[in-house]
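For reference, entry.pdb is printed below; it contains PDB, C-alpha atoms.
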```
ATOM      1  CA  MET A   1      90.695 127.684 156.862
ATOM      2  CA  PRO A   2      90.517 126.833 153.160
ATOM      3  CA  SER A   3      91.870 123.404 152.279
ATOM      4  CA  ALA A   4      94.884 122.968 150.024
ATOM      5  CA  ALA A   5      92.567 121.641 147.313
ATOM      6  CA  GLU A   6      90.320 124.695 147.563
ATOM      7  CA  ARG A   7      93.289 127.051 147.491
ATOM      8  CA  THR A   8      94.703 125.351 144.413
ATOM      9  CA  ARG A   9      91.336 125.314 142.654
ATOM     10  CA  THR A  10      90.959 129.015 143.461
ATOM     11  CA  LEU A  11      94.339 129.817 141.902
ATOM     12  CA  VAL A  12      93.524 127.840 138.766
ATOM     13  CA  GLN A  13      90.214 129.674 138.324
ATOM     14  CA  SER A  14      91.620 133.090 139.186
ATOM     15  CA  THR A  15      93.289 135.644 136.920
ATOM     16  CA  CYS A  16      96.766 134.811 138.254
ATOM     17  CA  SER A  17      99.481 134.451 135.645
ATOM     18  CA  ALA A  18     100.128 130.929 134.372
ATOM     19  CA  VAL A  19     102.607 129.193 132.105
ATOM     20  CA  LEU A  20     102.460 125.696 130.634
ATOM     21  CA  LEU A  21     105.791 123.925 130.987
ATOM     22  CA  ILE A  22     106.419 121.081 128.532
ATOM     23  CA  PRO A  23     109.675 119.105 128.911
ATOM     24  CA  GLY A  24     111.884 119.624 125.889
ATOM     25  CA  LEU A  25     109.888 122.668 124.821
ATOM     26  CA  ALA A  26     109.740 125.186 127.682
ATOM     27  CA  GLY A  27     112.845 127.308 127.841
ATOM     28  CA  GLY A  28     113.929 126.484 124.289
ATOM     29  CA  ALA A  29     115.683 129.248 122.395
ATOM     30  CA  ALA A  30     112.797 129.574 119.932
ATOM     31  CA  THR A  31     110.069 129.497 122.580
ATOM     32  CA  ARG A  32     109.143 132.574 124.582
ATOM     33  CA  VAL A  33     107.351 132.314 127.917
ATOM     34  CA  ASP A  34     104.411 134.327 126.594
ATOM     35  CA  GLN A  35     103.886 131.661 123.897
ATOM     36  CA  LEU A  36     103.254 129.128 126.679
ATOM     37  CA  THR A  37     100.771 131.336 128.541
ATOM     38  CA  PRO A  38      97.174 130.197 128.011
ATOM     39  CA  GLU A  39      94.692 132.837 126.919
ATOM     40  CA  ALA A  40      91.994 131.239 129.076
ATOM     41  CA  ARG A  41      91.666 128.343 131.486
ATOM     42  CA  SER A  42      88.817 126.519 133.160
ATOM     43  CA  VAL A  43      88.168 123.339 135.131
ATOM     44  CA  GLY A  44      85.943 120.579 133.798
ATOM     45  CA  PRO A  45      83.461 118.438 135.741
ATOM     46  CA  ASP A  46      86.028 115.687 136.355
ATOM     47  CA  GLY A  47      88.760 118.060 137.478
ATOM     48  CA  GLU A  48      90.520 118.277 134.127
ATOM     49  CA  ILE A  49      91.887 121.683 133.145
ATOM     50  CA  PHE A  50      91.046 123.194 129.754
ATOM     51  CA  LEU A  51      93.522 125.668 128.278
ATOM     52  CA  VAL A  52      92.991 127.892 125.249
ATOM     53  CA  PHE A  53      96.010 128.769 123.075
ATOM     54  CA  PRO A  54      96.525 130.271 119.627
ATOM     55  CA  ALA A  55      96.359 127.449 117.089
ATOM     56  CA  ASP A  56      99.976 128.048 116.048
ATOM     57  CA  SER A  57     101.406 128.088 119.586
ATOM     58  CA  PRO A  58     104.245 125.715 120.526
ATOM     59  CA  ALA A  59     101.983 124.025 123.091
ATOM     60  CA  VAL A  60      99.374 123.171 120.464
ATOM     61  CA  ARG A  61     102.032 121.924 118.030
ATOM     62  CA  ALA A  62     103.553 119.706 120.724
ATOM     63  CA  ALA A  63     100.175 118.248 121.711
ATOM     64  CA  THR A  64      99.239 117.676 118.066
ATOM     65  CA  HIS A  65     102.508 115.922 117.229
ATOM     66  CA  ALA A  66     102.238 113.731 120.327
ATOM     67  CA  GLN A  67      98.993 112.229 118.954
ATOM     68  CA  ASP A  68      98.240 109.096 120.996
ATOM     69  CA  ASP A  69     101.381 109.359 123.126
ATOM     70  CA  GLU A  70     101.083 110.873 126.570
ATOM     71  CA  LEU A  71     102.588 114.358 126.590
ATOM     72  CA  ALA A  72     103.653 115.364 130.095
ATOM     73  CA  ALA A  73     103.173 118.999 131.070
ATOM     74  CA  VAL A  74     103.044 121.187 134.154
ATOM     75  CA  LEU A  75     100.798 124.222 134.602
ATOM     76  CA  GLU A  76     102.600 126.667 136.880
ATOM     77  CA  ILE A  77     100.513 129.452 138.422
ATOM     78  CA  THR A  78     102.018 132.454 140.189
ATOM     79  CA  ASP A  79      99.865 134.504 142.549
ATOM     80  CA  VAL A  80     100.990 138.121 142.986
ATOM     81  CA  ALA A  81      99.296 140.469 145.453
ATOM     82  CA  PRO A  82      97.131 143.057 143.641
ATOM     83  CA  VAL A  83      98.375 145.800 145.980
ATOM     84  CA  SER A  84     101.904 147.077 146.505
ATOM     85  CA  VAL A  85     103.370 145.239 149.470
ATOM     86  CA  PRO A  86     106.762 143.860 150.548
ATOM     87  CA  HIS A  87     107.352 140.299 149.288
ATOM     88  CA  ARG A  88     104.557 140.550 146.767
ATOM     89  CA  ILE A  89     104.369 136.944 145.532
ATOM     90  CA  ARG A  90     101.666 135.271 147.606
ATOM     91  CA  GLY A  91     102.093 131.765 146.325
ATOM     92  CA  ARG A  92     102.505 129.293 143.501
ATOM     93  CA  ALA A  93     100.745 126.148 142.393
ATOM     94  CA  TRP A  94     101.930 123.370 140.117
ATOM     95  CA  ILE A  95      99.528 121.034 138.350
ATOM     96  CA  SER A  96     101.241 118.252 136.422
ATOM     97  CA  GLY A  97      99.546 115.823 134.094
ATOM     98  CA  TRP A  98      99.059 114.774 130.483
ATOM     99  CA  LEU A  99      98.202 117.093 127.643
ATOM    100  CA  THR A 100      95.936 116.360 124.672
ATOM    101  CA  CYS A 101      94.122 118.392 122.041
ATOM    102  CA  VAL A 102      90.356 118.785 122.337
ATOM    103  CA  PRO A 103      88.646 118.076 118.989
ATOM    104  CA  GLY A 104      87.210 121.128 117.336
ATOM    105  CA  VAL A 105      88.228 124.759 117.554
ATOM    106  CA  THR A 106      86.921 127.115 120.230
ATOM    107  CA  GLU A 107      87.046 130.013 117.767
ATOM    108  CA  PRO A 108      88.984 130.830 114.606
ATOM    109  CA  GLY A 109      92.703 130.680 115.250
ATOM    110  CA  ARG A 110      92.354 129.108 118.692
ATOM    111  CA  MET A 111      92.715 125.577 120.007
ATOM    112  CA  MET A 112      91.684 124.048 123.324
ATOM    113  CA  LEU A 113      94.012 121.689 125.171
ATOM    114  CA  ARG A 114      93.057 119.330 127.980
ATOM    115  CA  LEU A 115      95.344 118.744 130.951
ATOM    116  CA  GLU A 116      94.467 115.542 132.793
ATOM    117  CA  VAL A 117      95.570 116.204 136.357
ATOM    118  CA  GLY A 118      98.114 113.822 137.881
ATOM    119  CA  GLU A 119      99.988 115.540 140.700
ATOM    120  CA  THR A 120      99.273 118.916 142.270
ATOM    121  CA  SER A 121     101.011 121.017 144.886
ATOM    122  CA  VAL A 122     100.610 124.502 146.312
ATOM    123  CA  ASP A 123     103.015 126.735 148.243
ATOM    124  CA  ASP A 124     101.270 129.833 149.507
ATOM    125  CA  LEU A 125     100.563 131.989 152.564
ATOM    126  CA  TRP A 126      99.164 128.928 154.343
ATOM    127  CA  GLY A 127     102.178 126.726 153.677
ATOM    128  CA  ALA A 128     103.287 124.024 151.234
ATOM    129  CA  GLU A 129     101.002 121.031 150.627
ATOM    130  CA  SER A 130     100.276 118.415 148.006
ATOM    131  CA  VAL A 131      96.763 117.836 146.664
ATOM    132  CA  GLU A 132      95.221 114.593 145.471
ATOM    133  CA  PRO A 133      93.575 114.754 142.015
ATOM    134  CA  ASP A 134      90.212 113.617 143.427
ATOM    135  CA  ASP A 135      90.320 116.332 146.087
ATOM    136  CA  PHE A 136      91.137 118.928 143.434
ATOM    137  CA  ALA A 137      88.225 117.746 141.291
ATOM    138  CA  ARG A 138      85.758 117.969 144.200
ATOM    139  CA  ALA A 139      86.958 121.333 145.522
ATOM    140  CA  GLU A 140      85.181 124.600 144.811
ATOM    141  CA  PRO A 141      86.979 127.913 144.224
ATOM    142  CA  ASP A 142      86.581 130.603 146.836
ATOM    143  CA  PRO A 143      83.366 132.580 146.139
ATOM    144  CA  LEU A 144      85.259 135.883 146.370
ATOM    145  CA  VAL A 145      87.976 134.970 143.862
ATOM    146  CA  SER A 146      86.615 137.051 140.990
ATOM    147  CA  HIS A 147      86.310 140.137 143.220
ATOM    148  CA  GLU A 148      89.353 139.767 145.478
ATOM    149  CA  ALA A 149      91.736 142.096 143.625
ATOM    150  CA  GLU A 150      89.168 144.907 143.422
ATOM    151  CA  LEU A 151      88.147 144.440 147.059
ATOM    152  CA  LEU A 152      91.721 144.535 148.352
ATOM    153  CA  GLN A 153      92.492 147.648 146.314
ATOM    154  CA  HIS A 154      89.343 149.304 147.649
ATOM    155  CA  LEU A 155      90.195 148.421 151.254
ATOM    156  CA  HIS A 156      93.701 149.786 150.794
ATOM    157  CA  SER A 157      92.696 153.065 149.141
ATOM    158  CA  ALA A 158      89.393 153.877 150.852
ATOM    159  CA  HIS A 159      89.675 152.187 154.252
ATOM    160  CA  GLY A 160      93.376 152.383 155.018
ATOM    161  CA  ASP A 161      92.882 153.830 158.500
ATOM    162  CA  GLN A 162      90.364 151.148 159.440
ATOM    163  CA  VAL A 163      92.624 148.411 158.090
ATOM    164  CA  ARG A 164      95.526 149.773 160.106
ATOM    165  CA  GLY A 165      93.245 150.027 163.122
ATOM    166  CA  LEU A 166      92.771 146.251 163.131
ATOM    167  CA  SER A 167      96.179 146.094 164.810
ATOM    168  CA  ALA A 168      94.271 146.865 168.028
ATOM    169  CA  LEU A 169      93.045 143.282 167.929
ATOM    170  CA  LEU A 170      96.596 141.928 168.065
ATOM    171  CA  GLY A 171      97.468 142.945 171.606
ATOM    172  CA  GLU A 172     101.158 143.656 172.198
ATOM    173  CA  ARG A 173     102.033 142.437 168.727
ATOM    174  CA  GLY A 174     100.112 145.317 167.186
ATOM    175  CA  SER A 175     101.045 148.006 169.683
ATOM    176  CA  ALA A 176     103.789 149.690 167.639
ATOM    177  CA  ALA A 177     103.375 153.450 167.487
ATOM    178  CA  GLU A 178     104.048 153.556 163.762
ATOM    179  CA  HIS A 179     103.220 150.817 161.335
ATOM    180  CA  ARG A 180     101.937 150.391 157.821
ATOM    181  CA  ALA A 181      99.166 147.941 157.024
ATOM    182  CA  VAL A 182      98.279 146.557 153.623
ATOM    183  CA  PRO A 183      95.409 144.113 152.996
ATOM    184  CA  LEU A 184      97.184 141.128 151.479
ATOM    185  CA  SER A 185      94.558 138.476 150.820
ATOM    186  CA  LEU A 186      90.855 137.916 151.243
ATOM    187  CA  ASP A 187      88.761 134.773 151.190
ATOM    188  CA  ARG A 188      85.453 133.533 152.553
ATOM    189  CA  PHE A 189      87.016 132.795 155.936
ATOM    190  CA  GLY A 190      88.806 136.058 156.631
ATOM    191  CA  LEU A 191      91.284 138.821 155.823
ATOM    192  CA  ARG A 192      95.078 138.729 155.959
ATOM    193  CA  ILE A 193      97.028 141.953 156.498
ATOM    194  CA  ARG A 194     100.750 142.554 156.093
ATOM    195  CA  PHE A 195     102.080 144.943 158.725
ATOM    196  CA  THR A 196     105.423 146.695 158.338
ATOM    197  CA  GLU A 197     107.168 148.453 161.193
ATOM    198  CA  GLY A 198     110.485 150.274 161.322
ATOM    199  CA  THR A 199     112.362 153.151 159.776
ATOM    200  CA  GLY A 200     113.336 151.722 156.427
ATOM    201  CA  GLY A 201     110.286 152.974 154.583
ATOM    202  CA  GLY A 202     109.146 149.471 153.827
ATOM    203  CA  THR A 203     112.305 148.531 151.944
ATOM    204  CA  GLY A 204     115.234 148.676 154.345
ATOM    205  CA  ALA A 205     116.790 146.265 156.787
ATOM    206  CA  ALA A 206     115.349 148.268 159.677
ATOM    207  CA  ASP A 207     111.822 147.223 158.707
ATOM    208  CA  ARG A 208     110.039 144.307 160.362
ATOM    209  CA  THR A 209     107.224 142.711 158.423
ATOM    210  CA  PHE A 210     104.638 140.276 159.714
ATOM    211  CA  ASP A 211     101.259 138.981 158.632
ATOM    212  CA  ALA A 212      98.137 138.817 160.760
ATOM    213  CA  ARG A 213      95.011 136.894 159.958
ATOM    214  CA  PHE A 214      91.568 138.189 160.964
ATOM    215  CA  GLU A 215      88.863 135.554 160.820
ATOM    216  CA  PHE A 216      85.236 136.390 160.071
ATOM    217  CA  PRO A 217      82.582 135.289 162.588
ATOM    218  CA  GLU A 218      81.405 132.806 159.946
ATOM    219  CA  PRO A 219      82.352 132.127 156.303
ATOM    220  CA  VAL A 220      80.868 134.557 153.791
ATOM    221  CA  ARG A 221      79.271 133.581 150.502
ATOM    222  CA  ASP A 222      78.891 136.911 148.725
ATOM    223  CA  ILE A 223      79.733 140.619 148.805
ATOM    224  CA  ALA A 224      76.772 141.528 151.031
ATOM    225  CA  GLN A 225      77.903 139.071 153.718
ATOM    226  CA  LEU A 226      81.487 140.281 153.310
ATOM    227  CA  ARG A 227      80.441 143.878 154.025
ATOM    228  CA  ARG A 228      78.772 142.795 157.253
ATOM    229  CA  ALA A 229      81.787 140.719 158.257
ATOM    230  CA  MET A 230      84.192 143.619 157.613
ATOM    231  CA  HIS A 231      81.948 145.961 159.600
ATOM    232  CA  THR A 232      82.057 143.520 162.508
ATOM    233  CA  LEU A 233      85.865 143.440 162.387
ATOM    234  CA  PHE A 234      86.188 147.227 162.253
ATOM    235  CA  GLU A 235      83.749 147.637 165.132
ATOM    236  CA  ALA A 236      85.673 145.105 167.227
ATOM    237  CA  ALA A 237      88.910 147.028 166.638
ATOM    238  CA  LEU A 238      87.300 150.213 167.966
ATOM    239  CA  GLY A 239      86.525 148.395 171.219
TER     240      GLY A 239
END
```
Output the file's structure in the form of structure tokens.
Amino acid sequence: MPSAAERTRTLVQSTCSAVLLIPGLAGGAATRVDQLTPEARSVGPDGEIFLVFPADSPAVRAATHAQDDELAAVLEITDVAPVSVPHRIRGRAWISGWLTCVPGVTEPGRMMLRLEVGETSVDDLWGAESVEPDDFARAEPDPLVSHEAELLQHLHSAHGDQVRGLSALLGERGSAAEHRAVPLSLDRFGLRIRFTEGTGGGTGAADRTFDARFEFPEPVRDIAQLRRAMHTLFEAALG
């Protein structure tokens, strides 16, 4: 199971949507949410988060005007499943800290901001947990993070029958005559599938939705190992 620190680090270094919330600025009448969305983000060697914004963005102006004062800010990340599935938001992470400008310009018209991490929390498919800054700094993102969306979409479109067939590994829980199965998340430890049963077509009250987690025999480090792990799971489902 990935730790809360690893899950948070993975979200930060993924392509999930993010918004920088600055007290007194976010939500103002003259500030749109898209103006507080960083164009790029990365994590530094000490766990600090670097955010790239247009030089004229409200976030850059606020950090510039703060000068030597500590400017509190929260980076909110929202993780949405890359495939169509009931209850599509998979999780959120909040990284609060202090915002400063990084000297120099990354490129014309752009400015880099540094978020020194103070408090971090994540609420996702694994549950809600807090993360210590040192743990966040030491954690590594999941090795599949840059490929996860494409892999889930491929599993859903090209291997739908095999994905649905994994219900055979669930015993009575997966014995429904009719059910839909959508690959929901993928990491180095395993695959999570959202099953939907019922007559409501996936949207009505008659539907029952549940998640099932299928662990790999051992953690995978790359796509080649993932292929072997998925083959093992599919073979096990066939009995």
Report task. Check the smallest atom-to-atom distance from each of A:Ser146, A:Thr209, A:Thr232, A:Ser130 to Thr10 (chain A) using all atoms listed in the file, then report the winner. Result -> A:Ser146
**Report entry** Nearest to Leu233 (chain A), chosen from A:Gln162, A:Ser185, A:Ser57, A:Thr196, with only C-alpha atoms counted in the distances
**Finding:**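 Looking only at the distances to Leu233 (chain A), the closest residue turns out to be A:Gln162.
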Query raised in the report: Please, what distance in Å, to one decimal, runs between CA of Pro23 (chain A) and CA of Leu36 (chain A)?
Result: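 Going from CA of Pro23 (chain A) over to CA of Leu36 (chain A), I get 12.1 Å.
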On this structure, which residues satisfy the PyMOL selection byres ((chain A and resi 109) around 8), written as a tab-separated table (two decimals) with C-alpha atoms, keeping the file's coordinate frame?
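Once everything was written out, this is selection.tsv:
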```tsv
chain	number	residue	atom	x	y	z
A	54	PRO	CA	96.52	130.27	119.63
A	55	ALA	CA	96.36	127.45	117.09
A	56	ASP	CA	99.98	128.05	116.05
A	105	VAL	CA	88.23	124.76	117.55
A	107	GLU	CA	87.05	130.01	117.77
A	108	PRO	CA	88.98	130.83	114.61
A	110	ARG	CA	92.35	129.11	118.69
A	111	MET	CA	92.72	125.58	120.01
```
Query raised in the report: Using all atoms listed in the file, which of the listed residues (A:Phe210, A:Gly44, A:Gln153, A:Ile95) sits closest to Glu132 (chain A)?
Result: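 Smallest separation from Glu132 (chain A) among the options: A:Ile95.
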**Report entry** Minimum-distance residue to Arg221 (chain A), chosen among A:Arg188, A:Arg194, A:His147, A:Arg9 (using only C-alpha atoms)
**Finding:** A:Arg188
Requested in this report: Taking the file above as input, evaluate the PyMOL selection byres ((chain A and resi 91) around 6) and report the hits as JSON, numbers by chain.
Outcome: {"A": [79, 89, 90, 92, 123, 124]}
Report task. Name every residue that the PyMOL selection byres ((chain A and resi 42) around 10) selects in this structure, writing the answer as a list of chain:residue names with chains first and numbers rising. Result ->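 Applying the expression gives A:Arg9, A:Val12, A:Gln13, A:Ser14, A:Ala40, A:Arg41, A:Val43, A:Gly44, A:Gly47, A:Glu48, A:Ile49, A:Phe50, A:Leu51, A:Val52, A:Arg114.
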**Report entry** Nearest-residue call for Pro2 (chain A), choices A:Ala139, A:Leu238, A:Val60, A:Leu184, using only C-alpha atoms
**Finding:**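 Under the stated criterion, the closest residue is A:Ala139.
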Query raised in the report: Near Leu191 (chain A), within 7 Å and counting only C-alpha atoms, which residues show up once chain neighbours fewer than 6 positions away are dropped, as number ranges by chain?
Result: A: 185, 213-215
Report task. Using all atoms listed in the file, give me every residue within 9 Å of (94.5, 123.0, 155.5) in file coordinates, as a PyMOL selection string. Result -> chain A and resi 1-5+126-127+129
Query - Counting all atoms listed in the file, the option among A:Val182, A:Val83, A:Ala59, A:Leu11 closest to Thr100 (chain A) - result: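 Looking at the shortest contact to Thr100 (chain A), the residue is A:Ala59.
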Query raised in the report: If you count all atoms listed in the file, which residues fall within 9 Å of Gly160 (chain A), apart from same-chain ones fewer than 6 positions away, as a ChimeraX atom specification?
Result: /A:154,181-183
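CA of Met112 (chain A) sits 15.9 Å away from CA of Ile22 (chain A).
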Tell me, as a PDB file with C-alpha atoms, in the coordinates of the input, which residues lie within 12 Å of Leu71 (chain A), counting all atoms listed in the file; anything in the same chain fewer than 4 positions away does not count.
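result-v3.pdb was written with the following content:
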```
ATOM      1  CA  LEU A  21     105.791 123.925 130.987  1.00  0.00           C
ATOM      2  CA  ILE A  22     106.419 121.081 128.532  1.00  0.00           C
ATOM      3  CA  PRO A  23     109.675 119.105 128.911  1.00  0.00           C
ATOM      4  CA  GLY A  24     111.884 119.624 125.889  1.00  0.00           C
ATOM      5  CA  LEU A  25     109.888 122.668 124.821  1.00  0.00           C
ATOM      6  CA  ALA A  59     101.983 124.025 123.091  1.00  0.00           C
ATOM      7  CA  VAL A  60      99.374 123.171 120.464  1.00  0.00           C
ATOM      8  CA  ARG A  61     102.032 121.924 118.030  1.00  0.00           C
ATOM      9  CA  ALA A  62     103.553 119.706 120.724  1.00  0.00           C
ATOM     10  CA  ALA A  63     100.175 118.248 121.711  1.00  0.00           C
ATOM     11  CA  THR A  64      99.239 117.676 118.066  1.00  0.00           C
ATOM     12  CA  HIS A  65     102.508 115.922 117.229  1.00  0.00           C
ATOM     13  CA  ALA A  66     102.238 113.731 120.327  1.00  0.00           C
ATOM     14  CA  GLN A  67      98.993 112.229 118.954  1.00  0.00           C
ATOM     15  CA  SER A  96     101.241 118.252 136.422  1.00  0.00           C
ATOM     16  CA  GLY A  97      99.546 115.823 134.094  1.00  0.00           C
ATOM     17  CA  TRP A  98      99.059 114.774 130.483  1.00  0.00           C
ATOM     18  CA  LEU A  99      98.202 117.093 127.643  1.00  0.00           C
ATOM     19  CA  THR A 100      95.936 116.360 124.672  1.00  0.00           C
ATOM     20  CA  CYS A 101      94.122 118.392 122.041  1.00  0.00           C
ATOM     21  CA  LEU A 113      94.012 121.689 125.171  1.00  0.00           C
ATOM     22  CA  ARG A 114      93.057 119.330 127.980  1.00  0.00           C
ATOM     23  CA  LEU A 115      95.344 118.744 130.951  1.00  0.00           C
ATOM     24  CA  GLU A 116      94.467 115.542 132.793  1.00  0.00           C
TER      25      GLU A 116
END
```
**Report entry** Length of the CA of Pro45 (chain A) to CA of Ala18 (chain A) vector [Å]
**Finding:**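 Result for CA of Pro45 (chain A) versus CA of Ala18 (chain A): 20.9 Å, one decimal.
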Query raised in the report: Which polymer residues have any atom within 12 Å of an atom of Met230 (chain A), counting only C-alpha atoms, with same-chain residues fewer than 2 positions away left out, as a ChimeraX atom specification?
Result: /A:151-152,155,159,162-163,166,186-191,214-220,223-228,232-237
